[in-house]
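Each remark here refers to the structure printed beneath this line.
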Amino acid sequence: MTNAILRALQVLTAPGHVVEVRAITDDGIASGYFDDPALLAGSAEALDSLPSVQGIYVTLNEVTPALLSRRANRVKHRLGKKDATTADSDILRRRWFPIDIDPTRPSGVSSTDKEHQAAIDTAERIASHLGRLGWPAPVIADSGNGAHLLYRIDLPNDDNSRDLVRRSLEVLATLFDDPTTTIDTANHNAARIWKLYGTMSRKGDHTPDRPHRRSRLLSIPEPVAPVPSQLLEAFARILPERPPRSKKQSHGIDLSAWLHDHGIGIAREKPYGGGTLSVLEECPFSGAHRDGAFAIQFPNGAIHAGCQHTSCGGGAQRW
């Protein structure tokens, strides 16, 4: 198990960086700061052996080295009120764009095998879709209950980067959330902690239909190439946040009915901006791909329809 944890640390962290390891336990929070991966892995393995530990996590982004002095290469159990953990202001730079795909299930319990597989399937669909938009291959991982995608980025820790990550996650959730899986849009803060792969996920009691599972890395590209910032920025702008300014009027068109009448299939619909967003079954603008097309009807009746693919305008209005 230590080797699996060490491999995860090699992927998730940079050599020489300080990393916080944090565990959620039945007795509270345990935390330590490490600049020695071997000591971190050994401490994580010791934590993982405790049935009271529900999950073990690490900071993804670059932490200011001064925090090592809080708990230097050691873990403190049951933190007190004066024991600080990593805050957003403690992050020097963003290294990862994290995507957490969680299966729909009751809170406080592990996923079934079917729910677990649904999350992994959604992760693969998202990775394939983003790949067609020119994104490099991500790290793909099994969180124990769901699935993770990790894309390397290199951004400053500032408000613009936070908003860029937040908006990109919201776009993903809008386009890919369905009745079986959802994307966690709260993972935009810089000090976000992330599953330490190789450790157990224990939510609720271990039962035959909802077992505890060990998290693991599924796929690591070689090399792990960063996403160009312009691709992330373009993706965040795909969906308009407000009705487009246009002299054209909808004249009372019911968009869902219009799409049906014109033989344009709708894969799923969801609320968006007070109106409705329809994810289309196939792209009506190009025969080169099927995915990526959408249509939105805002509360005032305004309509925006486009496709995410650059060849189709990168989300620009097409109708």
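Residues are referred to by chain and number: the chain letter is A, B, ... according to the order shown in the structure tokens, the number counts from 1 in that chain, and ligands are numbered separately from 1 in the order shown.
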Which residues in stretch 1-245 of chain A does DSSP call helix (DSSP H, G or I)? List them as an MDAnalysis selection string.
-> chainID A and resid 2:12 37:48 65:70 88:90 113:132 159:176 229:236
Mind pulling up the distance from atom CA of A:His129 to atom CA of A:Gly265?
-> 18.9 Å
Hey, what's within 12 Å of A:Ile253 if we count only C-alpha atoms and toss same-chain stuff fewer than 2 positions away? As number ranges by chain, please?
-> A: 249-251, 255-259, 261, 297-303
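Closest approach to A:Thr199 among A:Thr25, A:Ser52, A:Asn187, A:Ser143: A:Ser143, based on only C-alpha atoms.
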Considering only C-alpha atoms, return as a ChimeraX atom specification whatever protein or nucleic-acid residues lie within 10 Å of stretch 224-236 of chain A, sequence-local ones (same chain, fewer than 2 positions apart) excluded.
-> /A:11,95-97,130,133-139,150-155,161,163-172,220-222,238-240,308-310,314-315
May I have the residues within 10 Å of stretch 67-69 of chain A as an NGL selection string, using only C-alpha atoms and disregarding those fewer than 5 positions away in the same chain?
-> :A and (17-20 or 32-35 or 74 or 84-86 or 90)
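When DSSP is run on the backbone, the residues of stretch 160-271 of chain A that fall into strand (DSSP E or B) are A:Thr181, A:Thr182, A:Ile183, A:Ile193, A:Trp194, A:Lys195, A:Met200, A:Ser201, A:Arg213, A:Arg214, A:Arg216, A:Leu217, A:Leu218, A:Ser219, A:Pro226, A:Ile266, A:Ala267, A:Arg268, A:Glu269, A:Lys270, A:Pro271.
What separates atom CA of A:Thr174 from atom CA of A:Ile91 is a distance of 28.2 Å.
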What's the 8 Å shell around stretch 178-181 of chain A, counting only C-alpha atoms, without same-chain residues fewer than 2 positions away, as an mmCIF file with N, CA and C atoms, in the first residue's frame?
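Generated output (selection_14.cif):
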```cif
data_model
loop_
_atom_site.group_PDB
_atom_site.id
_atom_site.type_symbol
_atom_site.label_atom_id
_atom_site.label_comp_id
_atom_site.auth_asym_id
_atom_site.auth_seq_id
_atom_site.Cartn_x
_atom_site.Cartn_y
_atom_site.Cartn_z
ATOM 1 N N ILE A 101 -16.457 13.507 -9.995
ATOM 2 C CA ILE A 101 -17.733 12.968 -10.475
ATOM 3 C C ILE A 101 -18.281 12.035 -9.413
ATOM 4 N N ASP A 102 -19.426 12.388 -8.869
ATOM 5 C CA ASP A 102 -20.004 11.650 -7.747
ATOM 6 C C ASP A 102 -21.296 10.976 -8.182
ATOM 7 N N PRO A 103 -21.467 9.697 -7.874
ATOM 8 C CA PRO A 103 -22.726 9.052 -8.222
ATOM 9 C C PRO A 103 -23.860 9.537 -7.328
ATOM 10 N N THR A 104 -25.043 9.604 -7.884
ATOM 11 C CA THR A 104 -26.221 9.989 -7.115
ATOM 12 C C THR A 104 -26.580 8.856 -6.155
ATOM 13 N N GLU A 115 -23.507 2.215 -9.163
ATOM 14 C CA GLU A 115 -23.327 3.662 -9.018
ATOM 15 C C GLU A 115 -21.860 4.047 -9.235
ATOM 16 N N ALA A 118 -21.012 3.965 -12.865
ATOM 17 C CA ALA A 118 -21.625 5.084 -13.591
ATOM 18 C C ALA A 118 -20.735 6.323 -13.529
ATOM 19 N N ALA A 119 -20.123 6.572 -12.368
ATOM 20 C CA ALA A 119 -19.235 7.725 -12.231
ATOM 21 C C ALA A 119 -17.992 7.569 -13.096
ATOM 22 N N THR A 122 -18.923 8.233 -16.674
ATOM 23 C CA THR A 122 -19.070 9.667 -16.938
ATOM 24 C C THR A 122 -17.709 10.337 -17.058
ATOM 25 N N PHE A 176 -22.966 17.832 -18.325
ATOM 26 C CA PHE A 176 -22.789 16.396 -18.083
ATOM 27 C C PHE A 176 -23.554 15.838 -16.886
ATOM 28 N N ILE A 183 -21.318 16.498 -11.053
ATOM 29 C CA ILE A 183 -19.974 17.059 -10.915
ATOM 30 C C ILE A 183 -19.997 18.065 -9.782
ATOM 31 N N ARG A 268 -30.893 15.398 -22.953
ATOM 32 C CA ARG A 268 -31.414 15.714 -21.621
ATOM 33 C C ARG A 268 -31.623 17.208 -21.520
#
```
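From atom CA of A:Ala123 back to atom CA of A:Lys270, the distance works out to 19.5 Å.
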